[in-house]
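Structure first, commentary second.
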Amino acid sequence: MACIVSSSSSALPTRSLDSIPTRSLRSNKVTSLSWASSFPSLNISINSSVLRPTPSLNKGSFVQAAWTRRSRGEAAKQPNRKSWKYRTDMYMRPFLLNVFFSKKFIHAKVMHRGTSKVISVATTNARDLRTTLPSLTDDNACRIIGKLIAERSKDADVYAMAYEPKKGERIEGKLGIVLDTIKENGIIFV
């Protein structure tokens with residue numbers, strides 16, 4: 001027993017979706033619903049010799065953004081990710097000077113940032129300085145601490161170091177005396 005199914009196309013008129021005219025809400029043009037009609041039509045001639053302008057490299061160009069490690073948009077999306085400078089600064093300036101002034105003493109040390117190893121230390125609380133200096137916090141004590149740090153750093157083969165001031169800290173007064181004395185004794189600040 002065989003069953004033959006036939007459809008009569010003459011019974012109902014059928015139309016494809018491409019041929020159904022629709023009206024857009026924004027304009028009165030008749031548009032098509034097909035996928036291909038969503039692309040703009042381009043009139044391209046093969047024999048035309050039109051030179052297209054070359055894009056100029058200005059400030060807002062994407063090429064300049066390629067030289068930066070993170071754009072501002074990326075920094076806003078990932079606020080906890082450290083910047084390129086923050087991640088590489090430890091290797092570019094490995095030795096860091098820390099100076100601390102208390103009411104009674106002056107402490108200074110040079111540390112290696114990558115390993116947190118202390119390279120050199122000088123303090124007015126040391127036994128030999130405590131007994132010989134008349135004041136442990138005056139300008140003369142600052143000069144002696146700067147000289148000791150410079151000498152001990154050179155003994156450890158460290159000839160360049162960095163000092164990062166804290167937020168709102170000015171390099172003047174006793175701190176300026178310590179840093180100037182270290183510079184005068186042959187240490188370079190980077």
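Residue numbering restarts at 1 in every chain; chains get A, B, ... in the order shown in the structure tokens, and ligands count up from 1 in that same order.
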
Identify, on the basis of only C-alpha atoms, every residue whose closest approach to range 170-178 of chain A does not exceed 10 Å; exclude the query and any residue fewer than 3 positions from it along the same chain; express the result as a PyMOL selection string. chain A and resi 99-101+106+108+137-147+149+165-167+181-183

Figure out the distance between CA of Ala126 in chain A and CA of Lys104 in chain A, please, to one decimal in Å.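 Value for the CA of Lys104 in chain A-CA of Ala126 in chain A distance: 12.2 Å.
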
Under the rule that only C-alpha atoms are counted, which of A:Leu148, A:Val190, A:Val158, A:Pro134 is the nearest residue to Ala122 in chain A? A:Leu148

Please report, as an MDAnalysis selection string, each residue of range 89-161 of chain A to which DSSP assigns alpha helix (DSSP H) when run on this structure's backbone. chainID A and resid 89:92 127:132 139:155

Determine, counting only C-alpha atoms, which protein, DNA and RNA residues have an atom within 12 Å of an atom of Asp155 in chain A; residues of the same chain fewer than 3 positions away are not included. Present the result as a PyMOL selection string. chain A and resi 119-121+148-152+158-159+187

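One distance worth recording is that between CA of Ala160 in chain A and CA of Arg130 in chain A, which is 28.5 Å.
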